[in-house]
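To start, the structure itself, in structure tokens.
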Amino acid sequence: MATLSPISKNPFKTTNISLFKTFVPPSKSFFKSFTDHSLRIPCLVANNCCTSTRIFPVTCSSISALYPNRTPYQFSDGSSEVELRMQLRGIEVESSKDIYVDAGERSLVIQGKFSGLCRTLMETKQLYDRIKPGETIWYLDDDELVVNLKKLDPELKWPDIVESWESLTTGILQLLKGTSIYLVGESTEINLKVAQELAVGLGYTPLDTKGLLEIFAKQSIDSWAAAEGSDSLAEAERAVLESLSSHVRAVVATLGGEHGAASRANKWRHLYAGFTIWLSQSKATDENSAKEEARRQVFDGNEAYAKADVVVKLGGWDATHAKPVAQASLSALKQLILSDKKLPGKKSLYVRLGCRGDWPNIKPPGWDPSSDKITPIKTSRCFDLPLQ
């Protein structure tokens with residue numbers, strides 16, 4: 001016989017996620033996201049298009065507190081709600097009073113009292129997306145614990161209960177809709193390594209402008225820069241980006257530092273064709289400093305990289321960090337698109353109109369970027385002629 005229980009307060013209650021807001025100048029109407037990957041629990045900052053910056057806890061692990069005797073579970077998505085079934089076989093549960101379930105907007109804690117001892121069956125601070133905590137229902141069904149969570153966004157398909165590398169690479173495809181991803185930043189190596197991880201995870205085509213330029217010039221990037229200067233190299237990369245701008249389902253690693261087109265504000269015209277992720281190396285020593293550094297860089301706009309859609313802060317680098325950084329990037333990108341699901345379509349429209357540099361305020365067809373005027377588009381008309 002199943003015992004039905006609504007979500008209840010209990011001694012094992014965890015702190016719910018807090019939402020903080022700060023003012024965003026009206027001129028900053030585009031979207032930003034920030035993940036501080038240098039900390040144990042990175043922080044994601046997603047700016048909406050009007051007035052606020054939202055700070056959400058983010059973790060790159062699927063379950064933040066995982067015990068050696070992890071309880072297996074089954075997961076299903078039923079459109080408006082998701083269901084979690086945990087096997088309790090072999091665990092003595094006297095009644096539903098021995099089970100404690102606590103849900104927050106992005107968190108879930110499941111604990112129980114077994115043989116007089118308290119045990120955590122699952123604890124995560126990163127559900128795949130937000131839920132309505134007050135509408136959480138759980139019950140015991142023979143040797144299974146069933147937890148029903150009401151989704152805040154019924155249209156979003158959940159691949160799993162938690163946000164992990166596997167669930168992100170599977171679930172974000174429905175949001176990207178084929179839009180390509182561009183990685184920019186101070187380091188060519190970091191851009192390339194993270195791009196490779198993203199391409200493999202998403203099933204996208206991996207491309208890197210460094211390799212393409214070296215094949216074309218038949219010389220190394222360093223030799224090119226020494227012979228012709230960084231300006232020549234940046235312009236050459238801009239031409240490569242122009243040719244890649246019509247590609248879909250690609251992850252493009254760009255040149256880092258002064259050699260790259262992304263370091264120059266006047267060469268972003270074709271980077272806007274996809275979602276741009278700035279992999280930024282941070283000098284911050286703590287979480288608050290990292291947040292402030294990101295905000296200052298983005299809102300001051302002194303660096304061309306500040307034009308990127310997503311900012312990921314790194315407190316250091318090692319090649320083994322590529323996959324966690326890629327996961328943090330996807331997490332931030334997911335939050336960005338969920339804040340405005342029309343963004344992928346808008347990117348597609350920008351490409352179809354010729355990548356004219358008018359992102360994010362796309363002008364009507366016929367707009368001339370050189371004169372900032374709109375030329376009427378001539379249309380042909382058909383007339384029915386009388387038969388002779």
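Chain labels follow the order of the structure tokens: the first chain is A, the next B, and so on; residue numbering restarts at 1 in every chain, and ligands are counted from 1 in their shown order.
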
Proximity check segment 90-202 of chain A to segment 305-325 of chain A, 12 Å, nearest pairs one decimal Å, only C-alpha atoms, as CSV:
```
residue,atom,partner,partner_atom,distance
A:Ser164,CA,A:Pro324,CA,10.0
A:Trp165,CA,A:Pro324,CA,8.3
A:Glu166,CA,A:Lys323,CA,11.4
A:Leu168,CA,A:Pro324,CA,11.9
A:Thr169,CA,A:Lys323,CA,11.5
A:Ile181,CA,A:Asp309,CA,10.2
A:Tyr182,CA,A:Ala308,CA,9.2
A:Leu183,CA,A:Ala308,CA,9.0
A:Val184,CA,A:Tyr305,CA,7.1
A:Gly185,CA,A:Tyr305,CA,6.7
A:Glu186,CA,A:Tyr305,CA,9.0
A:Ser187,CA,A:Trp317,CA,10.1
A:Glu189,CA,A:Ala319,CA,8.8
A:Ile190,CA,A:Ala322,CA,7.5
A:Asn191,CA,A:Ala322,CA,9.2
A:Leu192,CA,A:Ala322,CA,9.3
A:Lys193,CA,A:Ala322,CA,5.9
A:Val194,CA,A:Ala322,CA,5.0
A:Ala195,CA,A:Ala322,CA,8.6
A:Gln196,CA,A:Ala322,CA,8.7
A:Glu197,CA,A:Lys323,CA,5.9
A:Leu198,CA,A:Lys323,CA,7.9
A:Ala199,CA,A:Lys323,CA,11.0
A:Val200,CA,A:Lys323,CA,10.4
A:Gly201,CA,A:Lys323,CA,9.4
```

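Those residues of segment 150-281 of chain A that DSSP, working from the backbone, places in strand (DSSP E) are Lys150, Ile181, Tyr182, Leu183, Val184, Gly185, Thr205, Pro206, Leu207, Asp208, Ala250, Val251, Val252, Ala253, Phe275, Thr276, Ile277, Trp278, Leu279, Ser280 and Gln281 of chain A.
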
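You can rank A:Leu202, A:Ala234, A:Val147, A:Leu271 by their closest distance to Val252 of chain A using only C-alpha atoms, and at the top of that list sits A:Leu271.
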
Legend entry - Nearby residues (only C-alpha atoms) at most 10 Å from Thr188 of chain A, same-chain spacing under 4 positions excluded, as an MDAnalysis selection string: chainID A and resid 183:184 192:193 208:210 253:257 259:260

Okay, now the selection with N, CA and C atoms, as a compact mmCIF listing (two decimals), in the first residue's frame?
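again-v6.txt was written with the following content:
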```txt
# COMPACT_ATOMS: atom_id res chain seq x y z
N LEU A 183 34.80 29.75 -28.92
CA LEU A 183 35.54 29.95 -27.69
C LEU A 183 36.61 31.02 -27.90
N VAL A 184 36.57 32.05 -27.05
CA VAL A 184 37.53 33.15 -27.15
C VAL A 184 38.21 33.32 -25.79
N LEU A 192 41.38 25.72 -27.39
CA LEU A 192 41.41 24.50 -28.20
C LEU A 192 41.02 23.28 -27.37
N LYS A 193 41.58 23.15 -26.18
CA LYS A 193 41.31 21.98 -25.34
C LYS A 193 39.84 21.91 -24.94
N ASP A 208 39.31 24.74 -35.48
CA ASP A 208 40.16 25.73 -34.81
C ASP A 208 40.84 26.62 -35.83
N THR A 209 40.76 27.90 -35.60
CA THR A 209 41.29 28.86 -36.57
C THR A 209 42.81 28.79 -36.65
N LYS A 210 43.48 28.41 -35.57
CA LYS A 210 44.94 28.28 -35.59
C LYS A 210 45.37 27.26 -36.63
N ALA A 253 37.42 26.96 -31.94
CA ALA A 253 38.43 27.50 -31.03
C ALA A 253 39.18 28.60 -31.77
N THR A 254 39.22 29.80 -31.18
CA THR A 254 39.87 30.94 -31.84
C THR A 254 41.26 31.20 -31.25
N LEU A 255 42.00 32.05 -31.90
CA LEU A 255 43.32 32.43 -31.42
C LEU A 255 43.19 33.25 -30.13
N GLY A 256 44.09 33.02 -29.21
CA GLY A 256 44.08 33.77 -27.96
C GLY A 256 45.02 34.95 -28.00
N GLY A 257 44.80 35.91 -27.11
CA GLY A 257 45.70 37.05 -26.97
C GLY A 257 45.63 38.03 -28.11
N HIS A 259 47.04 38.24 -30.92
CA HIS A 259 47.02 37.76 -32.30
C HIS A 259 45.60 37.52 -32.81
N GLY A 260 44.65 37.31 -31.91
CA GLY A 260 43.32 36.89 -32.31
C GLY A 260 42.38 38.02 -32.68
```

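Straight-line separation from atom CA of Leu84 of chain A to atom CA of Val146 of chain A: 5.7 Å.
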
Legend entry - Residues near Leu338 of chain A, cut-off 9 Å, only C-alpha atoms, skip fewer than 5 positions along chain, as an MDAnalysis selection string: chainID A and resid 156 175 333
